[in-house]
$ cat target27.txt   # compact mmCIF, C-alpha atoms
# COMPACT_ATOMS: atom_id res chain seq x y z
CA MET A 192 16.28 13.56 3.84
CA VAL A 193 15.03 13.99 0.28
CA LEU A 194 15.01 10.22 -0.16
CA LEU A 195 13.04 9.74 3.03
CA THR A 196 10.48 12.34 1.96
CA LEU A 197 10.13 10.64 -1.41
CA MET A 198 9.55 7.35 0.38
CA ALA A 199 6.79 8.92 2.44
CA LEU A 200 5.15 10.29 -0.74
CA ILE A 201 5.30 6.88 -2.43
CA THR A 202 3.73 5.32 0.64
CA LEU A 203 0.86 7.81 0.42
CA ALA A 204 0.42 6.86 -3.23
CA ILE A 205 0.39 3.16 -2.31
CA VAL A 206 -2.35 3.86 0.23
CA ARG A 207 -4.44 5.82 -2.27
CA VAL A 208 -4.08 3.98 -5.59
CA ARG A 209 -6.53 1.16 -6.18
CA ASN A 210 -5.06 -0.41 -9.33
CA LEU A 211 -2.97 -3.19 -7.87
CA PHE A 212 -0.52 -3.29 -10.81
CA ALA A 213 0.32 0.34 -10.15
CA VAL A 214 0.68 -0.47 -6.46
CA VAL A 215 3.16 -3.25 -7.21
CA ALA A 216 5.19 -0.94 -9.45
CA LEU A 217 5.18 1.67 -6.69
CA THR A 218 6.36 -0.98 -4.25
CA GLY A 219 9.34 -1.65 -6.52
CA ALA A 220 10.19 2.05 -6.57
CA PHE A 221 9.77 2.12 -2.80
CA SER A 222 12.27 -0.72 -2.46
CA PHE A 223 14.86 1.03 -4.62
CA LEU A 224 14.50 4.20 -2.54
CA MET A 225 14.83 2.08 0.57
CA ALA A 226 18.04 0.60 -0.82
CA SER A 227 19.41 4.10 -1.48
CA VAL A 228 18.55 5.16 2.06
CA MET A 229 20.38 2.09 3.35
CA MET A 230 23.43 3.06 1.29
CA VAL A 231 23.35 6.46 2.95
CA LEU A 232 23.08 4.77 6.34
CA ASP A 233 26.30 2.81 5.57
CA ALA A 234 24.51 -0.52 5.37
CA VAL A 235 25.93 -1.66 2.03
CA ASP A 236 25.18 -5.36 2.48
CA VAL A 237 21.61 -4.62 3.46
CA ALA A 238 21.20 -2.22 0.53
CA MET A 239 22.34 -4.93 -1.86
CA THR A 240 19.88 -7.39 -0.36
CA GLU A 241 17.03 -4.91 -0.47
CA ALA A 242 17.71 -3.98 -4.09
CA SER A 243 17.75 -7.60 -5.24
CA VAL A 244 15.07 -8.99 -2.94
CA GLY A 245 12.68 -6.11 -2.46
CA ALA A 246 12.77 -4.68 -5.95
CA GLY A 247 13.50 -7.90 -7.81
CA ILE A 248 12.04 -11.06 -6.35
CA SER A 249 9.12 -9.71 -4.38
CA THR A 250 7.91 -7.60 -7.32
CA VAL A 251 7.98 -10.69 -9.55
CA LEU A 252 6.15 -12.74 -6.93
CA MET A 253 3.47 -10.09 -6.48
CA LEU A 254 2.98 -9.82 -10.23
CA GLY A 255 2.64 -13.60 -10.38
CA ALA A 256 0.06 -13.54 -7.62
CA LEU A 257 -1.81 -10.71 -9.35
CA TYR A 258 -1.88 -12.70 -12.57
CA LEU A 259 -3.46 -15.56 -10.66
CA THR A 260 -6.00 -13.34 -8.90
CA LYS A 261 -7.48 -9.94 -9.64
CA SER A 262 -5.73 -6.70 -10.36
CA ARG A 263 -8.34 -4.23 -9.12
CA GLU A 264 -9.14 -3.46 -5.56
CA ALA A 265 -12.80 -3.01 -4.69
CA PRO A 266 -13.81 0.46 -3.48
CA PRO A 267 -14.01 0.75 0.30
CA ARG A 268 -17.33 -0.36 1.73
CA PHE A 269 -17.14 1.09 5.19
CA SER A 270 -16.14 4.39 6.64
CA GLN A 271 -12.41 5.14 6.68
CA VAL A 272 -12.68 7.69 9.48
CA ILE A 273 -11.98 5.42 12.45
CA PRO A 274 -8.81 3.83 10.97
CA VAL A 275 -7.47 7.28 10.06
CA VAL A 276 -8.12 8.59 13.55
CA VAL A 277 -6.49 5.55 15.14
CA ALA A 278 -3.46 5.74 12.83
CA VAL A 279 -2.92 9.47 13.33
CA GLY A 280 -3.37 9.13 17.08
CA VAL A 281 -0.86 6.32 17.37
CA GLY A 282 1.55 8.24 15.11
CA ALA A 283 1.31 11.36 17.23
CA VAL A 284 2.05 9.39 20.41
CA LEU A 285 5.01 7.67 18.78
CA VAL A 286 6.46 10.95 17.46
CA TYR A 287 6.11 12.44 20.93
CA GLY A 288 7.97 9.45 22.34
CA SER A 289 10.70 9.58 19.71
CA LEU A 290 11.65 13.15 20.65
CA GLU A 291 13.54 11.81 23.65
CA LEU A 292 15.66 9.43 21.55
CA PRO A 293 19.31 10.29 20.99
CA GLY A 294 19.97 12.39 17.90
CA PHE A 295 20.92 10.94 14.53
CA GLY A 296 24.48 9.85 13.80
CA LEU A 297 26.05 10.14 17.24
CA ALA A 298 28.84 7.71 18.14
CA ASP A 299 28.35 7.61 21.91
CA THR A 300 24.78 6.35 22.07
CA PRO A 301 24.09 3.11 23.97
CA VAL A 302 23.37 1.34 20.69
CA ASN A 303 26.82 2.01 19.29
CA THR A 304 29.01 1.49 22.32
CA HIS A 305 28.55 -2.13 23.36
CA VAL A 306 28.42 -5.17 21.13
CA GLY A 307 28.87 -3.60 17.71
CA GLU A 308 32.01 -1.80 18.83
CA ALA A 309 33.40 -5.00 20.30
CA TYR A 310 32.81 -6.91 17.07
CA ILE A 311 34.67 -4.29 15.05
CA GLN A 312 37.64 -4.40 17.38
CA ARG A 313 37.87 -8.18 17.65
CA VAL A 314 37.05 -9.38 14.15
CA MET A 315 40.49 -9.03 12.56
CA TYR A 316 42.11 -10.93 15.43
CA ASP A 317 39.43 -13.63 15.69
CA ALA A 318 38.60 -14.43 12.10
CA ASP A 319 40.63 -12.18 9.79
CA ILE A 320 37.54 -11.33 7.74
CA PRO A 321 37.45 -7.64 6.81
CA ASN A 322 33.71 -7.51 6.18
CA VAL A 323 32.39 -7.38 9.71
CA VAL A 324 28.83 -8.03 8.60
CA THR A 325 29.76 -11.36 7.02
CA ALA A 326 31.83 -12.37 10.03
CA VAL A 327 29.08 -11.56 12.51
CA LEU A 328 26.44 -13.16 10.29
CA ALA A 329 28.19 -16.46 9.74
CA SER A 330 30.46 -16.84 12.71
CA TYR A 331 29.58 -14.85 15.81
CA ARG A 332 25.85 -15.21 15.24
CA GLY A 333 25.87 -18.50 13.40
CA TYR A 334 22.86 -19.75 15.35
CA ASP A 335 20.75 -16.82 14.20
CA THR A 336 21.61 -17.43 10.58
CA LEU A 337 20.97 -21.16 10.92
CA GLY A 338 17.53 -20.26 12.24
CA GLU A 339 16.88 -17.84 9.38
CA THR A 340 17.94 -20.45 6.84
CA ALA A 341 15.55 -22.88 8.45
CA VAL A 342 12.78 -20.27 8.20
CA ILE A 343 13.44 -19.84 4.49
CA PHE A 344 13.45 -23.61 4.07
CA THR A 345 10.10 -23.80 5.87
CA ALA A 346 8.64 -21.03 3.72
CA GLY A 347 9.75 -22.85 0.56
CA ILE A 348 8.11 -26.08 1.77
CA GLY A 349 4.97 -24.12 2.71
CA VAL A 350 4.62 -22.57 -0.74
CA LEU A 351 5.19 -25.96 -2.34
CA LEU A 352 2.47 -27.51 -0.20
CA LEU A 353 0.05 -24.70 -0.97
CA LEU A 354 0.61 -24.31 -4.69
CA SER A 355 2.10 -27.42 -6.24
CA ARG A 356 -0.96 -29.65 -6.12
CA GLY A 357 -2.02 -30.68 -9.60
CA ARG A 358 -4.72 -28.71 -11.32
CA GLY A 359 -6.67 -31.93 -11.96
CA GLU A 360 -7.48 -32.52 -8.32
CA ASP A 361 -8.18 -28.87 -7.89
CA SER A 362 -10.69 -28.49 -10.68
CA GLN A 363 -12.53 -31.49 -9.26
CA ALA A 364 -12.67 -29.85 -5.87
CA ASP A 365 -13.87 -26.66 -7.52
CA GLY A 366 -16.55 -28.57 -9.40
CA GLY A 367 -17.79 -30.08 -6.15
CA GLU A 368 -18.05 -26.69 -4.55
CA GLU A 369 -19.85 -25.31 -7.53
CA GLY A 370 -22.45 -28.09 -7.36
CA GLY A 371 -23.04 -27.29 -3.70
CA GLY A 372 -23.49 -23.62 -4.52
CA ASP A 373 -26.07 -24.38 -7.17
CA ALA A 374 -28.05 -26.62 -4.86
CA SER A 375 -28.36 -23.91 -2.26
CA MET B 59 6.74 -13.04 -27.10
CA ARG B 60 8.05 -14.69 -30.27
CA LEU B 61 8.89 -11.33 -31.82
CA ASP B 62 10.86 -9.89 -28.92
CA THR B 63 14.22 -10.51 -30.55
CA ILE B 64 15.97 -7.73 -28.67
CA LEU B 65 14.64 -8.97 -25.37
CA ARG B 66 15.77 -12.53 -26.06
CA VAL B 67 19.23 -11.57 -27.26
CA CYS B 68 19.75 -9.17 -24.39
CA THR B 69 18.65 -11.79 -21.89
CA LYS B 70 21.15 -14.26 -23.27
CA LEU B 71 23.81 -11.56 -23.14
CA PHE B 72 23.01 -10.65 -19.56
CA LEU B 73 22.66 -14.11 -18.05
CA PRO B 74 26.36 -15.06 -17.82
CA PHE B 75 27.14 -11.74 -16.23
CA ILE B 76 24.34 -12.13 -13.70
CA TRP B 77 25.58 -15.54 -12.66
CA VAL B 78 29.23 -14.52 -12.56
CA PHE B 79 28.19 -11.51 -10.48
CA ALA B 80 26.34 -13.85 -8.13
CA LEU B 81 29.49 -15.95 -7.76
CA TYR B 82 31.55 -12.82 -7.19
CA VAL B 83 29.16 -11.60 -4.52
CA GLN B 84 29.25 -15.02 -2.89
CA LEU B 85 33.00 -15.62 -2.93
CA HIS B 86 34.04 -12.04 -2.32
CA GLY B 87 31.62 -11.71 0.60
CA ASP B 88 34.45 -11.88 3.12
CA PHE B 89 36.14 -8.77 1.76
CA GLY B 90 33.40 -6.61 0.30
CA PRO B 91 29.66 -6.31 0.58
CA GLY B 92 27.99 -9.59 -0.19
CA GLY B 93 27.31 -13.04 1.11
CA GLY B 94 25.11 -16.05 0.73
CA PHE B 95 21.76 -14.30 0.96
CA GLN B 96 22.49 -11.70 -1.71
CA ALA B 97 24.25 -14.14 -4.03
CA GLY B 98 21.43 -16.64 -3.72
CA VAL B 99 18.83 -14.06 -4.62
CA ILE B 100 20.86 -12.77 -7.56
CA ALA B 101 21.40 -16.27 -8.96
CA ALA B 102 17.70 -17.00 -8.56
CA ALA B 103 16.88 -13.70 -10.28
CA GLY B 104 18.93 -14.85 -13.28
CA VAL B 105 16.92 -18.06 -13.58
CA ILE B 106 13.66 -16.16 -13.09
CA LEU B 107 14.61 -13.69 -15.84
CA TYR B 108 15.28 -16.61 -18.18
CA ALA B 109 11.98 -18.22 -17.23
CA ILE B 110 10.05 -14.99 -17.84
CA VAL B 111 11.53 -14.35 -21.27
CA PHE B 112 11.78 -17.89 -22.64
CA GLY B 113 8.95 -19.56 -20.79
CA LYS B 114 8.90 -21.86 -17.81
CA SER B 115 9.45 -25.08 -19.77
CA ALA B 116 12.71 -23.77 -21.22
CA ALA B 117 13.86 -22.80 -17.76
CA THR B 118 13.02 -26.19 -16.26
CA ARG B 119 15.18 -27.76 -18.97
CA ILE B 120 18.31 -26.05 -17.69
CA VAL B 121 17.32 -25.89 -14.01
CA PRO B 122 15.02 -28.86 -13.42
CA LYS B 123 12.41 -28.77 -10.73
CA TRP B 124 13.73 -31.72 -8.74
CA LEU B 125 17.13 -30.00 -8.54
CA VAL B 126 15.84 -26.79 -6.95
CA GLU B 127 13.54 -28.72 -4.66
CA ALA B 128 16.50 -30.81 -3.52
CA MET B 129 18.57 -27.65 -3.01
CA VAL B 130 16.12 -26.31 -0.41
CA PRO B 131 16.92 -28.87 2.32
CA LEU B 132 20.52 -29.45 1.10
CA GLY B 133 21.68 -26.00 2.15
CA VAL B 134 20.19 -26.32 5.63
CA LEU B 135 21.80 -29.76 5.96
CA LEU B 136 25.20 -28.40 4.91
CA TYR B 137 24.87 -25.56 7.43
CA ALA B 138 23.80 -27.86 10.24
CA GLY B 139 26.41 -30.41 9.15
CA VAL B 140 29.21 -27.90 9.66
CA GLY B 141 27.91 -27.41 13.19
CA VAL B 142 27.77 -31.14 13.87
CA TYR B 143 31.26 -31.60 12.42
CA SER B 144 32.69 -28.93 14.70
CA MET B 145 31.01 -30.74 17.60
CA LEU B 146 32.64 -34.01 16.53
CA MET B 147 35.99 -32.23 16.46
CA GLY B 148 35.51 -31.39 20.11
CA GLY B 149 34.26 -27.82 19.98
CA ASN B 150 30.89 -26.22 20.50
CA TYR B 151 28.17 -26.36 17.89
CA LEU B 152 29.13 -24.06 14.98
CA ASP B 153 32.48 -23.27 16.59
CA TYR B 154 34.69 -22.96 13.52
CA ASP B 155 37.93 -22.62 15.46
CA VAL B 156 38.31 -26.38 15.75
CA LEU B 157 37.37 -27.33 12.18
CA PHE B 158 40.85 -28.60 11.29
CA HIS B 159 42.87 -28.84 14.46
CA SER B 160 41.79 -29.42 17.99
CA PRO B 161 42.83 -27.73 20.16
CA PRO B 162 43.77 -24.97 17.71
CA THR B 163 46.54 -22.47 17.80
CA HIS B 164 45.55 -18.94 16.90
CA TYR B 165 46.58 -19.34 13.26
CA GLU B 166 44.69 -22.60 12.93
CA ALA B 167 41.63 -21.07 14.52
CA VAL B 168 41.64 -18.30 11.93
CA HIS B 169 42.03 -20.91 9.20
CA GLY B 170 39.05 -22.78 10.59
CA GLN B 171 37.03 -19.56 10.78
CA HIS B 172 37.70 -18.87 7.09
CA TRP B 173 36.54 -22.30 6.05
CA GLY B 174 33.60 -22.32 8.44
CA VAL B 175 32.28 -19.01 7.17
CA PHE B 176 32.84 -20.13 3.57
CA LEU B 177 30.96 -23.42 3.99
CA VAL B 178 28.12 -21.85 5.91
CA GLU B 179 27.69 -19.16 3.27
CA ILE B 180 27.58 -21.86 0.59
CA GLY B 181 24.82 -23.53 2.59
CA VAL B 182 22.87 -20.27 2.75
CA LEU B 183 23.41 -19.74 -0.99
CA ILE B 184 22.04 -23.18 -1.86
CA THR B 185 18.96 -22.84 0.31
CA VAL B 186 18.12 -19.30 -0.77
CA THR B 187 18.58 -20.00 -4.48
CA GLY B 188 16.58 -23.21 -4.25
CA THR B 189 13.76 -21.63 -2.28
CA MET B 190 13.41 -18.56 -4.50
CA ILE B 191 13.33 -20.61 -7.71
CA THR B 192 10.98 -23.14 -6.14
CA ILE B 193 8.58 -20.40 -5.09
CA PHE B 194 8.73 -18.85 -8.55
CA TYR B 195 8.10 -22.20 -10.27
CA ALA B 196 5.19 -22.83 -7.91
CA PHE B 197 3.58 -19.49 -8.82
CA ALA B 198 4.35 -19.79 -12.52
CA GLY B 199 3.13 -23.38 -12.76
CA ARG B 200 -0.26 -22.47 -11.39
CA GLY B 201 -2.87 -22.14 -14.10
CA ARG B 202 -5.09 -19.10 -14.03
CA ARG B 203 -8.44 -19.75 -12.47
CA GLU B 204 -11.43 -19.27 -14.76
CA ASP B 205 -14.01 -17.06 -13.13
CA ARG B 206 -17.06 -18.97 -12.17
CA ASN B 207 -19.53 -16.15 -12.55
CA MET C 161 10.39 26.53 17.11
CA GLU C 162 12.16 24.19 19.44
CA ILE C 163 9.85 21.34 18.52
CA LEU C 164 10.60 21.91 14.83
CA ASP C 165 14.30 21.64 15.60
CA GLN C 166 13.66 18.40 17.50
CA ILE C 167 11.71 16.98 14.59
CA THR C 168 14.43 17.75 12.05
CA ARG C 169 17.01 16.10 14.30
CA HIS C 170 14.81 13.01 14.48
CA TYR C 171 13.66 13.07 10.88
CA ASN C 172 14.56 9.41 10.37
CA TYR C 173 12.37 8.40 13.27
CA VAL C 174 9.52 10.60 12.04
CA ILE C 175 9.58 8.90 8.64
CA THR C 176 9.91 5.51 10.33
CA ILE C 177 6.79 6.24 12.36
CA PHE C 178 4.99 7.51 9.28
CA LEU C 179 5.75 4.31 7.36
CA MET C 180 4.71 2.28 10.38
CA ILE C 181 1.31 3.91 10.76
CA ALA C 182 0.79 3.82 6.99
CA GLY C 183 1.39 0.07 7.11
CA VAL C 184 -0.98 -0.35 10.03
CA TYR C 185 -3.57 1.81 8.30
CA ILE C 186 -3.43 -0.30 5.13
CA VAL C 187 -3.73 -3.50 7.16
CA VAL C 188 -6.69 -2.19 9.17
CA ALA C 189 -8.62 -0.21 6.57
CA LYS C 190 -8.17 -2.12 3.32
CA SER C 191 -10.00 -5.35 2.77
CA ASN C 192 -8.05 -6.44 -0.33
CA MET C 193 -5.67 -9.17 0.76
CA ILE C 194 -2.79 -8.34 -1.60
CA LYS C 195 -2.99 -4.72 -0.46
CA THR C 196 -2.88 -5.96 3.12
CA LEU C 197 0.30 -7.93 2.39
CA ILE C 198 1.85 -4.83 0.81
CA GLY C 199 0.90 -2.93 3.96
CA LEU C 200 2.69 -5.54 6.02
CA SER C 201 5.82 -5.19 3.93
CA ILE C 202 5.72 -1.40 4.34
CA PHE C 203 5.48 -1.95 8.08
CA GLN C 204 8.50 -4.24 7.78
CA ALA C 205 10.41 -1.57 5.86
CA SER C 206 9.75 0.84 8.71
CA VAL C 207 11.29 -1.68 11.10
CA TYR C 208 14.38 -1.88 8.87
CA LEU C 209 14.71 1.89 9.10
CA LEU C 210 14.16 1.81 12.85
CA TYR C 211 17.05 -0.62 13.26
CA LEU C 212 19.45 0.96 10.79
CA SER C 213 19.04 4.62 11.75
CA PRO C 214 20.68 4.48 15.20
CA GLY C 215 23.57 2.39 13.84
CA LYS C 216 24.79 5.14 11.51
CA ILE C 217 27.65 7.22 12.83
CA ILE C 218 28.23 10.52 11.06
CA GLY C 219 31.71 10.45 9.54
CA GLY C 220 31.82 6.66 9.71
CA THR C 221 32.28 4.25 6.82
CA PRO C 222 30.54 0.95 6.09
CA PRO C 223 31.78 -1.76 8.46
CA ILE C 224 34.41 -3.28 6.19
CA ILE C 225 37.78 -3.03 7.89
CA GLY C 226 40.35 -1.22 5.79
CA GLU C 227 43.49 0.77 6.21
CA GLY C 228 43.08 4.42 7.00
CA TYR C 229 39.61 4.25 8.46
CA GLU C 230 38.95 4.62 12.14
CA VAL C 231 35.20 5.07 12.49
CA TYR C 232 32.82 2.37 11.33
CA SER C 233 29.07 2.28 11.56
CA ASN C 234 27.54 -0.33 13.83
CA PRO C 235 27.48 -3.71 12.00
CA LEU C 236 25.03 -5.46 14.31
CA PRO C 237 21.76 -3.94 12.96
CA HIS C 238 22.97 -4.68 9.43
CA VAL C 239 23.26 -8.38 10.21
CA LEU C 240 19.85 -8.55 11.81
CA ILE C 241 18.11 -6.65 9.01
CA LEU C 242 19.92 -8.55 6.26
CA THR C 243 18.41 -11.82 7.38
CA ALA C 244 15.09 -10.12 8.15
CA ILE C 245 14.74 -8.94 4.54
CA VAL C 246 15.21 -12.40 3.07
CA VAL C 247 12.92 -13.97 5.64
CA GLY C 248 10.45 -11.18 4.90
CA VAL C 249 10.26 -12.07 1.22
CA ALA C 250 9.90 -15.76 2.09
CA THR C 251 6.94 -15.07 4.37
CA LEU C 252 5.50 -12.70 1.77
CA ALA C 253 5.63 -15.58 -0.70
CA VAL C 254 3.74 -17.82 1.72
CA GLY C 255 1.13 -15.10 2.19
CA LEU C 256 0.72 -14.64 -1.56
CA ALA C 257 0.38 -18.40 -1.99
CA LEU C 258 -2.40 -18.38 0.60
CA VAL C 259 -4.11 -15.51 -1.25
CA VAL C 260 -3.92 -17.43 -4.52
CA ARG C 261 -5.49 -20.47 -2.87
CA ILE C 262 -8.24 -18.33 -1.32
CA HIS C 263 -8.94 -16.82 -4.73
CA GLU C 264 -9.23 -20.30 -6.20
CA ALA C 265 -11.64 -21.39 -3.48
CA PHE C 266 -13.83 -18.28 -3.28
CA GLY C 267 -13.23 -16.33 -6.47
CA SER C 268 -12.41 -13.18 -4.54
CA ILE C 269 -9.55 -11.64 -2.63
CA GLU C 270 -11.66 -9.14 -0.70
CA GLU C 271 -11.99 -10.11 2.92
CA ASP C 272 -15.64 -9.16 3.32
CA GLU C 273 -16.73 -11.00 0.18
CA VAL C 274 -14.94 -14.14 1.35
CA LEU C 275 -16.59 -13.83 4.76
CA ARG C 276 -20.01 -13.35 3.17
CA GLU C 277 -19.51 -16.45 1.06
CA LEU C 278 -18.44 -18.39 4.12
CA GLU C 279 -21.61 -17.37 5.98
CA HIS C 280 -23.67 -18.29 2.94
CA GLU C 281 -22.61 -21.91 2.98

$ encode --input "target27.txt" --output "structure tokens"
Amino acid sequence: MVLLTLMALITLAIVRVRNLFAVVALTGAFSFLMASVMMVLDAVDVAMTEASVGAGISTVLMLGALYLTKSREAPPRFSQVIPVVVAVGVGAVLVYGSLELPGFGLADTPVNTHVGEAYIQRVMYDADIPNVVTAVLASYRGYDTLGETAVIFTAGIGVLLLLSRGRGEDSQADGGEEGGGDAS
Amino acid sequence: MRLDTILRVCTKLFLPFIWVFALYVQLHGDFGPGGGFQAGVIAAAGVILYAIVFGKSAATRIVPKWLVEAMVPLGVLLYAGVGVYSMLMGGNYLDYDVLFHSPPTHYEAVHGQHWGVFLVEIGVLITVTGTMITIFYAFAGRGRREDRN
Amino acid sequence: MEILDQITRHYNYVITIFLMIAGVYIVVAKSNMIKTLIGLSIFQASVYLLYLSPGKIIGGTPPIIGEGYEVYSNPLPHVLILTAIVVGVATLAVGLALVVRIHEAFGSIEEDEVLRELEHE
């Protein structure tokens, strides 16, 4: 509960702070808190992933992007009232809806009684792999993971296409644009 | 950067442990928390740490660009190849039961499951490592734009 | 009083919803593109929480089969979220690459400035 409250506070800070370097640092802290929450929720594999991906790689990537762009956010130019009203309204409706959900940590909810339970009971007979998450990831739901791997592959190709063009070509393109701007 | 002796020495001290930890996470993924995704990211984080401290050109000397760019499709191919192989052995796509014997007894099916999960996780490891390092190289290799105004 | 009790029993969901609307708010109200991407990843984090919270069983252990443990938390959300995190960082990288390209083309990462420049041409 303390961790969750801290996460909410950090989110507020992320919304408010305009120095993007500070925001990226806060995002890293947010990811570590998220990983701790996942530990508490028994999701050890996910916590490990979040700690290495969220706090490690994505922070580095964002810092790289900030280095290539600008590190200050411009002050808001239009009124913030309407977004706040919309956000709070949607939040209130969602909280009202969530009150009917089953309480936290119960074993007999619909979520916990069908497929997950079956996996836990079958995995030692089927595959003899004690870590159920690995077994489900690679074996029972192999298609899913194949798809995710393909998505990562596509993202890698996309970044290469976007960023790996030589600077020579680019500066020429920039020069052309600049000429056009001067003419107008 | 030249004067950061402590940083450089510590990085060199840490790197073997990071990579051994990545291997541990990968190969021990069947029994404890871990697997291809985590191990791939940790291995990539080791390379990225090296590239940050020693510069990108030093990093591309030990992990060349063509290698990581080849790793991106290789992992997917290995993953899909395991599926095709299990189809050739007479099972369904990605059905590891039949990897070695068809039709399998229960023991052989478990054996096939072990190997199938292992190979597939290696495929995931290769793709994730390759992609993360590729993305980092792409960002790091980009020169900073001079402001026009 | 009863509603307070309800809220404490659903505290995970309340924080999930808070993160979600904070993400949406950043996406809607901020014009800086990197901030928008961060808002998207906060929204994503709220989805992780939304999936993982119902899977926890009080008194359960992580889903790694071992001797002497009877109750395990639900492994299925873990699998889904595990892949979602890695895919999330991959898509974040694509988004950041797009932002870098936009900055190279327009010299700005504020949406309204880019739009103004587009209208100018």

$ residues_around --input "target27.txt" --residues "Trp173 of chain B" --least-positions-apart "6" --cutoff "12 Å" --atoms "only C-alpha atoms" --output "ChimeraX atom specification"
/A:318-320,326,329-330 /B:85,88,140,144,152-158,166-167,179-180

$ atom_distance --input "target27.txt" --atom1 "atom CA of Leu65 of chain B" --atom2 "atom CA of Ala226 of chain A"
26.6 Å

$ residues_around --input "target27.txt" --residues "Val342 of chain A" --least-positions-apart "5" --cutoff "10 Å" --atoms "all atoms listed in the file" --output "ChimeraX atom specification"
/A:336-337,347-348 /B:134 /C:246-248,250-251

$ atom_distance --input "target27.txt" --atom1 "atom CA of Val239 of chain C" --atom2 "atom CA of Thr340 of chain A"
13.6 Å

$ closest_residue --input "target27.txt" --among "B:Gly113, B:Pro162, B:Pro91, B:Pro131" --to "Met147 of chain B" --atoms "all atoms listed in the file"
B:Pro162

$ interface_residues --input "target27.txt" --of "chain C" --to "chain B" --cutoff "9 Å" --atoms "all atoms listed in the file" --output "PDB file with C-alpha atoms, in the coordinates of the input"
ATOM      1  CA  ILE C 224      34.410  -3.280   6.190  1.00  0.00           C
ATOM      2  CA  ILE C 225      37.780  -3.030   7.890  1.00  0.00           C
ATOM      3  CA  LEU C 242      19.920  -8.550   6.260  1.00  0.00           C
ATOM      4  CA  THR C 243      18.410 -11.820   7.380  1.00  0.00           C
ATOM      5  CA  VAL C 246      15.210 -12.400   3.070  1.00  0.00           C
ATOM      6  CA  ALA C 250       9.900 -15.760   2.090  1.00  0.00           C
ATOM      7  CA  ALA C 253       5.630 -15.580  -0.700  1.00  0.00           C
ATOM      8  CA  VAL C 254       3.740 -17.820   1.720  1.00  0.00           C
ATOM      9  CA  ALA C 257       0.380 -18.400  -1.990  1.00  0.00           C
ATOM     10  CA  VAL C 260      -3.920 -17.430  -4.520  1.00  0.00           C
ATOM     11  CA  HIS C 263      -8.940 -16.820  -4.730  1.00  0.00           C
ATOM     12  CA  GLU C 264      -9.230 -20.300  -6.200  1.00  0.00           C
ATOM     13  CA  GLY C 267     -13.230 -16.330  -6.470  1.00  0.00           C
TER      14      GLY C 267
END

$ residues_around --input "target27.txt" --residues "segment 194-211 of chain C" --least-positions-apart "5" --cutoff "7 Å" --atoms "all atoms listed in the file" --output "list in words"
Tyr173, Thr176, Leu179, Met180, Gly183, Val184, Ile186, Val187, Pro237 and Ile241 of chain C

$ write_last_selection --input "target27.txt" --atoms "C-alpha atoms" --output "short mmCIF file (atom, residue, chain, number, x, y, z; two decimals), in the frame of the given file"
data_model
loop_
_atom_site.label_atom_id
_atom_site.label_comp_id
_atom_site.auth_asym_id
_atom_site.auth_seq_id
_atom_site.Cartn_x
_atom_site.Cartn_y
_atom_site.Cartn_z
CA TYR C 173 12.37 8.40 13.27
CA THR C 176 9.91 5.51 10.33
CA LEU C 179 5.75 4.31 7.36
CA MET C 180 4.71 2.28 10.38
CA GLY C 183 1.39 0.07 7.11
CA VAL C 184 -0.98 -0.35 10.03
CA ILE C 186 -3.43 -0.30 5.13
CA VAL C 187 -3.73 -3.50 7.16
CA PRO C 237 21.76 -3.94 12.96
CA ILE C 241 18.11 -6.65 9.01
#

$ interface_residues --input "target27.txt" --of "chain A" --to "chain B" --cutoff "9 Å" --atoms "all atoms listed in the file" --output "JSON, numbers by chain"
{"A": [235, 236, 237, 239, 240, 241, 243, 244, 247, 248, 251, 252, 255, 256, 258, 259, 260, 316, 317, 318, 319, 320, 321, 322, 323, 324, 325, 326, 328, 329, 330, 331, 333, 334, 336, 337, 340, 341, 343, 344, 346, 347, 348, 350, 351, 353, 354, 355, 356, 357, 358, 369]}

$ atom_distance --input "target27.txt" --atom1 "atom CA of Leu195 of chain A" --atom2 "atom CA of Thr304 of chain A"
26.4 Å

$ closest_residue --input "target27.txt" --among "A:Ser222, A:Arg332, A:Gly338, A:Ala278" --to "chain C" --atoms "all atoms listed in the file"
A:Ala278

$ closest_residue --input "target27.txt" --among "C:Leu164, C:Val274, C:Glu230, C:Leu256" --to "chain A" --atoms "only C-alpha atoms"
C:Leu256

$ closest_residue --input "target27.txt" --among "A:Val286, A:Leu224, A:Ala246, A:Ala213" --to "chain C" --atoms "all atoms listed in the file"
A:Val286

$ residues_around --input "target27.txt" --residues "Gly282 of chain A" --least-positions-apart "5" --cutoff "7 Å" --atoms "all atoms listed in the file" --output "ChimeraX atom specification"
/C:177-178,181

$ decode --input "target27.txt" --residues "segment 237-248 of chain C" --atoms "C-alpha atoms" --output "PDB file, in the first residue's frame"
ATOM      1  CA  PRO C 237      -1.198 -12.674 -16.047  1.00  0.00           C
ATOM      2  CA  HIS C 238       2.544 -12.888 -15.375  1.00  0.00           C
ATOM      3  CA  VAL C 239       3.167 -14.421 -18.782  1.00  0.00           C
ATOM      4  CA  LEU C 240       1.049 -11.860 -20.586  1.00  0.00           C
ATOM      5  CA  ILE C 241       2.597  -8.889 -18.788  1.00  0.00           C
ATOM      6  CA  LEU C 242       6.146 -10.204 -19.138  1.00  0.00           C
ATOM      7  CA  THR C 243       5.930 -10.090 -22.898  1.00  0.00           C
ATOM      8  CA  ALA C 244       3.956  -6.836 -22.765  1.00  0.00           C
ATOM      9  CA  ILE C 245       6.784  -5.067 -20.914  1.00  0.00           C
ATOM     10  CA  VAL C 246       9.417  -6.005 -23.477  1.00  0.00           C
ATOM     11  CA  VAL C 247       7.134  -5.154 -26.370  1.00  0.00           C
ATOM     12  CA  GLY C 248       6.333  -1.904 -24.569  1.00  0.00           C
TER      13      GLY C 248
END
